[in-house]
Structure formats: C-alpha cells, structure tokens
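Note: the block below is input38.pdb and it holds PDB, C-alpha atoms, pLDDT in the B column.
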ATOM      1  CA  ASN X  12      30.788  58.380  16.122  1.00 68.00           C
ATOM      2  CA  ASN X  13      30.347  60.974  18.888  1.00 79.00           C
ATOM      3  CA  SER X  14      28.754  59.972  22.178  1.00 85.00           C
ATOM      4  CA  PHE X  15      27.748  62.259  24.987  1.00 87.00           C
ATOM      5  CA  THR X  16      26.928  61.594  28.599  1.00 88.00           C
ATOM      6  CA  TYR X  17      24.590  63.905  30.466  1.00 90.00           C
ATOM      7  CA  THR X  18      23.932  63.950  34.168  1.00 91.00           C
ATOM      8  CA  ILE X  19      20.580  65.220  35.337  1.00 90.00           C
ATOM      9  CA  ASN X  20      19.910  65.852  39.006  1.00 89.00           C
ATOM     10  CA  ILE X  21      16.239  65.691  39.923  1.00 88.00           C
ATOM     11  CA  GLU X  22      15.105  67.035  43.262  1.00 86.00           C
ATOM     12  CA  SER X  23      11.705  66.204  44.624  1.00 86.00           C
ATOM     13  CA  PHE X  24       9.922  68.416  47.133  1.00 87.00           C
ATOM     14  CA  ILE X  25       6.722  67.850  49.066  1.00 89.00           C
ATOM     15  CA  SER X  26       4.036  70.525  48.952  1.00 89.00           C
ATOM     16  CA  PRO X  27       3.207  72.185  52.272  1.00 91.00           C
ATOM     17  CA  THR X  28       0.399  70.561  54.298  1.00 90.00           C
ATOM     18  CA  ASN X  29      -1.403  71.095  57.602  1.00 90.00           C
ATOM     19  CA  PHE X  30      -0.418  74.753  57.802  1.00 90.00           C
ATOM     20  CA  ILE X  31      -3.785  76.077  58.973  1.00 89.00           C
ATOM     21  CA  ILE X  32      -5.851  75.186  62.031  1.00 82.00           C
ATOM     22  CA  HIS X  33      -8.934  73.060  61.716  1.00 80.00           C
ATOM     23  CA  ASP X  34     -12.454  74.476  61.641  1.00 87.00           C
ATOM     24  CA  THR X  35     -13.282  76.963  64.386  1.00 91.00           C
ATOM     25  CA  SER X  36     -16.118  79.170  65.611  1.00 92.00           C
ATOM     26  CA  ILE X  37     -16.683  82.806  66.532  1.00 91.00           C
ATOM     27  CA  CYS X  38     -19.387  84.568  68.518  1.00 88.00           C
ATOM     28  CA  ILE X  39     -21.633  87.052  66.759  1.00 84.00           C
ATOM     29  CA  ASN X  40     -20.062  90.545  66.679  1.00 86.00           C
ATOM     30  CA  GLN X  41     -16.646  89.083  67.529  1.00 91.00           C
ATOM     31  CA  SER X  42     -13.573  88.379  65.401  1.00 93.00           C
ATOM     32  CA  ILE X  43     -10.789  85.826  65.291  1.00 93.00           C
ATOM     33  CA  THR X  44      -7.280  85.938  63.881  1.00 94.00           C
ATOM     34  CA  LEU X  45      -6.388  82.961  61.733  1.00 95.00           C
ATOM     35  CA  GLU X  46      -2.681  82.267  61.390  1.00 94.00           C
ATOM     36  CA  SER X  47      -0.481  79.854  59.488  1.00 95.00           C
ATOM     37  CA  ASN X  48       1.164  77.227  61.689  1.00 92.00           C
ATOM     38  CA  SER X  49       4.443  77.571  59.762  1.00 92.00           C
ATOM     39  CA  SER X  50       6.541  80.232  58.038  1.00 93.00           C
ATOM     40  CA  PHE X  51       6.474  80.515  54.246  1.00 95.00           C
ATOM     41  CA  THR X  52       7.791  82.904  51.615  1.00 96.00           C
ATOM     42  CA  ASN X  53       4.323  83.871  50.302  1.00 97.00           C
ATOM     43  CA  TYR X  54       0.806  83.947  51.738  1.00 97.00           C
ATOM     44  CA  LEU X  55      -2.517  84.659  50.045  1.00 98.00           C
ATOM     45  CA  TRP X  56      -5.728  84.528  52.076  1.00 97.00           C
ATOM     46  CA  SER X  57      -9.139  84.496  50.420  1.00 97.00           C
ATOM     47  CA  THR X  58      -9.684  87.808  52.256  1.00 96.00           C
ATOM     48  CA  GLY X  59      -6.895  89.367  50.182  1.00 97.00           C
ATOM     49  CA  ASP X  60      -4.414  89.477  53.081  1.00 97.00           C
ATOM     50  CA  ILE X  61      -0.841  88.570  52.110  1.00 97.00           C
ATOM     51  CA  THR X  62       0.632  88.095  55.584  1.00 96.00           C
ATOM     52  CA  ARG X  63       0.917  85.091  57.887  1.00 96.00           C
ATOM     53  CA  SER X  64      -2.414  85.969  59.573  1.00 96.00           C
ATOM     54  CA  ALA X  65      -5.842  87.303  58.665  1.00 96.00           C
ATOM     55  CA  LEU X  66      -8.497  88.955  60.837  1.00 96.00           C
ATOM     56  CA  ILE X  67     -11.850  87.224  60.354  1.00 95.00           C
ATOM     57  CA  LYS X  68     -15.026  89.075  61.355  1.00 94.00           C
ATOM     58  CA  PHE X  69     -17.714  86.908  59.777  1.00 94.00           C
ATOM     59  CA  PRO X  70     -18.518  83.193  59.581  1.00 94.00           C
ATOM     60  CA  GLY X  71     -17.701  81.493  56.302  1.00 95.00           C
ATOM     61  CA  THR X  72     -15.197  79.356  54.454  1.00 96.00           C
ATOM     62  CA  TYR X  73     -11.746  80.877  54.102  1.00 97.00           C
ATOM     63  CA  SER X  74      -8.628  79.696  52.301  1.00 97.00           C
ATOM     64  CA  LEU X  75      -4.912  80.226  52.610  1.00 97.00           C
ATOM     65  CA  GLN X  76      -2.497  79.576  49.765  1.00 97.00           C
ATOM     66  CA  VAL X  77       1.194  79.425  50.660  1.00 97.00           C
ATOM     67  CA  LYS X  78       4.500  79.037  48.824  1.00 96.00           C
ATOM     68  CA  ASP X  79       7.622  77.663  50.485  1.00 95.00           C
ATOM     69  CA  THR X  80      11.314  78.325  49.833  1.00 94.00           C
ATOM     70  CA  ASN X  81      11.407  75.481  47.265  1.00 93.00           C
ATOM     71  CA  GLY X  82       8.668  77.150  45.207  1.00 93.00           C
ATOM     72  CA  CYS X  83       6.075  74.530  46.181  1.00 94.00           C
ATOM     73  CA  SER X  84       2.606  75.890  46.811  1.00 95.00           C
ATOM     74  CA  SER X  85      -0.531  74.536  48.387  1.00 96.00           C
ATOM     75  CA  LYS X  86      -3.975  75.762  49.431  1.00 96.00           C
ATOM     76  CA  GLU X  87      -6.026  74.783  52.480  1.00 96.00           C
ATOM     77  CA  PHE X  88      -9.520  75.738  53.631  1.00 96.00           C
ATOM     78  CA  ILE X  89     -11.054  76.474  57.029  1.00 95.00           C
ATOM     79  CA  ASP X  90     -14.698  76.827  58.022  1.00 96.00           C
ATOM     80  CA  VAL X  91     -15.446  79.506  60.589  1.00 95.00           C
ATOM     81  CA  LYS X  92     -18.852  78.856  62.105  1.00 94.00           C
ATOM     82  CA  SER X  93     -21.034  81.221  64.116  1.00 91.00           C
ATOM     83  CA  ILE X  94     -21.882  80.539  67.763  1.00 86.00           C
ATOM     84  CA  VAL X  95     -25.415  81.597  68.651  1.00 79.00           C
ATOM     85  CA  PHE X  96     -26.441  81.781  72.285  1.00 73.00           C
ATOM     86  CA  GLN X  97     -30.045  81.351  73.314  1.00 70.00           C
ATOM     87  CA  LYS X  98     -31.607  83.293  76.154  1.00 68.00           C
ATOM     88  CA  LEU X  99     -32.467  81.215  79.175  1.00 70.00           C
ATOM     89  CA  VAL X 100     -35.990  81.789  80.405  1.00 67.00           C
TER      90      VAL X 100
END

What do you get writing this file as structure tokens?
Amino acid sequence: NNSFTYTINIESFISPTNFIIHDTSICINQSITLESNSSFTNYLWSTGDITRSALIKFPGTYSLQVKDTNGCSSKEFIDVKSIVFQKLV
C-alpha cells in the first residue's frame, strides 16, 4: 500500500484599496490631474490612460483599475463634478 504526503502552501493577498482620491470638482474650462495614491505594476483609467495619472478635462465619473506585484487587481471610481459660478449683480 503506497501512501503519499503532499505539502501545499497557500498565500493570501489583499486586493488594493483606497488608491484614488475621493470625489472632487473642477471649474468650467479647467482640468485636473487625477493620480493613484500608491505605486502599482499596471494602471488602466477609464480614459484609456495606462499611467499612474490621468488628465481630466470634463466632469463625469472616472475609474482606475490597478494591479499590484502579487497579481491582485481592483477598480475604484471617482466623481468629478463641475463648479459653476454665478455672476453677482
């Protein structure tokens, strides 16, 4: 009767979180650069940018998907609102 013993090592990793700033605002005809708070191996913004930052020119909801060195990935969203100033009379 043959018996075998196997050892399996299981590593658990936590997906990245809180890597993008909270909601923000921009003035009309202005832009803002959104940037990841941490370094990762891969970035994918909803704008198509694949770097740590993305230039945002219009209000809207944007997302950033990242992958860390362990291969864990996560996606977060940010709302960029428009600031409208009213003329004082």

Between X:Asp79, X:Tyr54, X:Ile37, X:Glu87, which one has atoms that come closest to Ile67 of chain X, using only C-alpha atoms?
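Nearest candidate to Ile67 of chain X out of X:Asp79, X:Tyr54, X:Ile37, X:Glu87: X:Ile37.
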
Mind listing as a count of residues only all residues within 12 Å of (-8.7, 87.7, 59.5), counting all atoms listed in the file?
31

Nearest to His33 of chain X: which of X:Lys78, X:Phe96, X:Phe88, X:Thr52 is it, counting all atoms listed in the file?
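Looking at the shortest contact to His33 of chain X, the residue is X:Phe88.
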
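Reported to one decimal place, the separation of atom CA of Asn53 of chain X from atom CA of Gln76 of chain X is 8.1 Å.
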
Please list, as a list in words, the residues that have an atom at most 9 Å away from (13.7, 71.1, 44.0) in the coordinates of this file, counting all atoms listed in the file.
Ile21, Glu22, Ser23, Phe24, Asn81, Gly82 and Cys83 of chain X

Just the number, please: distance in Å from atom CA of Ile31 of chain X to atom CA of Thr80 of chain X, one decimal.
17.8 Å

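The gap separating atom CA of Ser84 of chain X from atom CA of Thr35 of chain X is 23.7 Å, in Å to one decimal.
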
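Using only C-alpha atoms for every distance, the candidate list X:Ile25, X:Ile19, X:Val77, X:Cys38 yields X:Cys38 as the residue closest to Val95 of chain X.
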
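Distances from X:Ser36, X:Ser85, X:Thr18, X:Asn29 to Ser49 of chain X were compared using only C-alpha atoms, and the smallest one belongs to X:Asn29.
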
Some atoms are absent from segment 50-61 of chain X, so rebuild all heavy atoms and return them as a PDB file, in the coordinates of the input.
ATOM      1  N   SER X  50       6.077  79.080  58.812  1.00 93.00           N
ATOM      2  CA  SER X  50       6.541  80.232  58.038  1.00 93.00           C
ATOM      3  C   SER X  50       6.736  79.835  56.576  1.00 93.00           C
ATOM      4  O   SER X  50       7.251  78.756  56.290  1.00 93.00           O
ATOM      5  CB  SER X  50       7.868  80.749  58.591  1.00 93.00           C
ATOM      6  OG  SER X  50       7.685  81.288  59.860  1.00 93.00           O
ATOM      7  N   PHE X  51       6.334  80.728  55.680  1.00 95.00           N
ATOM      8  CA  PHE X  51       6.474  80.515  54.246  1.00 95.00           C
ATOM      9  C   PHE X  51       6.973  81.799  53.593  1.00 95.00           C
ATOM     10  O   PHE X  51       6.992  82.854  54.217  1.00 95.00           O
ATOM     11  CB  PHE X  51       5.135  80.082  53.627  1.00 95.00           C
ATOM     12  CG  PHE X  51       4.638  78.764  54.147  1.00 95.00           C
ATOM     13  CD1 PHE X  51       3.697  78.708  55.155  1.00 95.00           C
ATOM     14  CD2 PHE X  51       5.141  77.572  53.639  1.00 95.00           C
ATOM     15  CE1 PHE X  51       3.246  77.484  55.642  1.00 95.00           C
ATOM     16  CE2 PHE X  51       4.700  76.355  54.118  1.00 95.00           C
ATOM     17  CZ  PHE X  51       3.757  76.306  55.127  1.00 95.00           C
ATOM     18  N   THR X  52       7.314  81.715  52.318  1.00 96.00           N
ATOM     19  CA  THR X  52       7.791  82.904  51.615  1.00 96.00           C
ATOM     20  C   THR X  52       6.638  83.762  51.105  1.00 96.00           C
ATOM     21  O   THR X  52       6.784  84.973  50.972  1.00 96.00           O
ATOM     22  CB  THR X  52       8.707  82.528  50.432  1.00 96.00           C
ATOM     23  OG1 THR X  52       8.019  81.610  49.583  1.00 96.00           O
ATOM     24  CG2 THR X  52       9.985  81.881  50.936  1.00 96.00           C
ATOM     25  N   ASN X  53       5.492  83.141  50.798  1.00 97.00           N
ATOM     26  CA  ASN X  53       4.323  83.871  50.302  1.00 97.00           C
ATOM     27  C   ASN X  53       3.048  83.342  50.944  1.00 97.00           C
ATOM     28  O   ASN X  53       2.915  82.141  51.164  1.00 97.00           O
ATOM     29  CB  ASN X  53       4.183  83.730  48.783  1.00 97.00           C
ATOM     30  CG  ASN X  53       5.313  84.388  48.042  1.00 97.00           C
ATOM     31  OD1 ASN X  53       6.315  83.742  47.760  1.00 97.00           O
ATOM     32  ND2 ASN X  53       5.158  85.659  47.724  1.00 97.00           N
ATOM     33  N   TYR X  54       2.122  84.275  51.196  1.00 97.00           N
ATOM     34  CA  TYR X  54       0.806  83.947  51.738  1.00 97.00           C
ATOM     35  C   TYR X  54      -0.248  84.659  50.901  1.00 97.00           C
ATOM     36  O   TYR X  54      -0.043  85.807  50.509  1.00 97.00           O
ATOM     37  CB  TYR X  54       0.652  84.447  53.179  1.00 97.00           C
ATOM     38  CG  TYR X  54       1.709  83.950  54.135  1.00 97.00           C
ATOM     39  CD1 TYR X  54       2.896  84.656  54.305  1.00 97.00           C
ATOM     40  CD2 TYR X  54       1.511  82.796  54.865  1.00 97.00           C
ATOM     41  CE1 TYR X  54       3.866  84.218  55.195  1.00 97.00           C
ATOM     42  CE2 TYR X  54       2.475  82.347  55.757  1.00 97.00           C
ATOM     43  CZ  TYR X  54       3.650  83.056  55.915  1.00 97.00           C
ATOM     44  OH  TYR X  54       4.593  82.616  56.788  1.00 97.00           O
ATOM     45  N   LEU X  55      -1.375  84.001  50.674  1.00 98.00           N
ATOM     46  CA  LEU X  55      -2.517  84.659  50.045  1.00 98.00           C
ATOM     47  C   LEU X  55      -3.793  84.089  50.652  1.00 98.00           C
ATOM     48  O   LEU X  55      -4.154  82.942  50.406  1.00 98.00           O
ATOM     49  CB  LEU X  55      -2.524  84.471  48.526  1.00 98.00           C
ATOM     50  CG  LEU X  55      -3.722  85.098  47.803  1.00 98.00           C
ATOM     51  CD1 LEU X  55      -3.797  86.609  48.066  1.00 98.00           C
ATOM     52  CD2 LEU X  55      -3.673  84.805  46.322  1.00 98.00           C
ATOM     53  N   TRP X  56      -4.446  84.906  51.476  1.00 97.00           N
ATOM     54  CA  TRP X  56      -5.728  84.528  52.076  1.00 97.00           C
ATOM     55  C   TRP X  56      -6.862  84.879  51.117  1.00 97.00           C
ATOM     56  O   TRP X  56      -6.741  85.795  50.310  1.00 97.00           O
ATOM     57  CB  TRP X  56      -5.931  85.293  53.387  1.00 97.00           C
ATOM     58  CG  TRP X  56      -5.008  84.888  54.489  1.00 97.00           C
ATOM     59  CD1 TRP X  56      -3.782  85.407  54.764  1.00 97.00           C
ATOM     60  CD2 TRP X  56      -5.247  83.875  55.462  1.00 97.00           C
ATOM     61  NE1 TRP X  56      -3.233  84.783  55.856  1.00 97.00           N
ATOM     62  CE2 TRP X  56      -4.118  83.833  56.310  1.00 97.00           C
ATOM     63  CE3 TRP X  56      -6.304  82.990  55.710  1.00 97.00           C
ATOM     64  CZ2 TRP X  56      -4.013  82.956  57.382  1.00 97.00           C
ATOM     65  CZ3 TRP X  56      -6.203  82.113  56.780  1.00 97.00           C
ATOM     66  CH2 TRP X  56      -5.072  82.100  57.596  1.00 97.00           C
ATOM     67  N   SER X  57      -7.969  84.183  51.249  1.00 97.00           N
ATOM     68  CA  SER X  57      -9.139  84.496  50.420  1.00 97.00           C
ATOM     69  C   SER X  57      -9.694  85.883  50.757  1.00 97.00           C
ATOM     70  O   SER X  57     -10.465  86.445  49.978  1.00 97.00           O
ATOM     71  CB  SER X  57     -10.225  83.426  50.596  1.00 97.00           C
ATOM     72  OG  SER X  57     -10.560  83.271  51.962  1.00 97.00           O
ATOM     73  N   THR X  58      -9.280  86.452  51.882  1.00 96.00           N
ATOM     74  CA  THR X  58      -9.684  87.808  52.256  1.00 96.00           C
ATOM     75  C   THR X  58      -8.869  88.873  51.523  1.00 96.00           C
ATOM     76  O   THR X  58      -9.176  90.053  51.610  1.00 96.00           O
ATOM     77  CB  THR X  58      -9.482  88.021  53.775  1.00 96.00           C
ATOM     78  OG1 THR X  58      -8.085  87.832  54.066  1.00 96.00           O
ATOM     79  CG2 THR X  58     -10.329  87.077  54.590  1.00 96.00           C
ATOM     80  N   GLY X  59      -7.782  88.434  50.859  1.00 97.00           N
ATOM     81  CA  GLY X  59      -6.895  89.367  50.182  1.00 97.00           C
ATOM     82  C   GLY X  59      -5.636  89.663  50.978  1.00 97.00           C
ATOM     83  O   GLY X  59      -4.693  90.252  50.453  1.00 97.00           O
ATOM     84  N   ASP X  60      -5.611  89.269  52.261  1.00 97.00           N
ATOM     85  CA  ASP X  60      -4.414  89.477  53.081  1.00 97.00           C
ATOM     86  C   ASP X  60      -3.247  88.677  52.518  1.00 97.00           C
ATOM     87  O   ASP X  60      -3.429  87.568  52.009  1.00 97.00           O
ATOM     88  CB  ASP X  60      -4.682  89.044  54.530  1.00 97.00           C
ATOM     89  CG  ASP X  60      -5.652  89.968  55.244  1.00 97.00           C
ATOM     90  OD1 ASP X  60      -5.287  91.127  55.460  1.00 97.00           O
ATOM     91  OD2 ASP X  60      -6.769  89.517  55.562  1.00 97.00           O
ATOM     92  N   ILE X  61      -2.040  89.246  52.633  1.00 97.00           N
ATOM     93  CA  ILE X  61      -0.841  88.570  52.110  1.00 97.00           C
ATOM     94  C   ILE X  61       0.216  88.380  53.203  1.00 97.00           C
ATOM     95  O   ILE X  61       1.399  88.288  52.933  1.00 97.00           O
ATOM     96  CB  ILE X  61      -0.246  89.338  50.906  1.00 97.00           C
ATOM     97  CG1 ILE X  61       0.067  90.778  51.276  1.00 97.00           C
ATOM     98  CG2 ILE X  61      -1.170  89.253  49.704  1.00 97.00           C
ATOM     99  CD1 ILE X  61       0.841  91.546  50.214  1.00 97.00           C
TER     100      ILE X  61
END
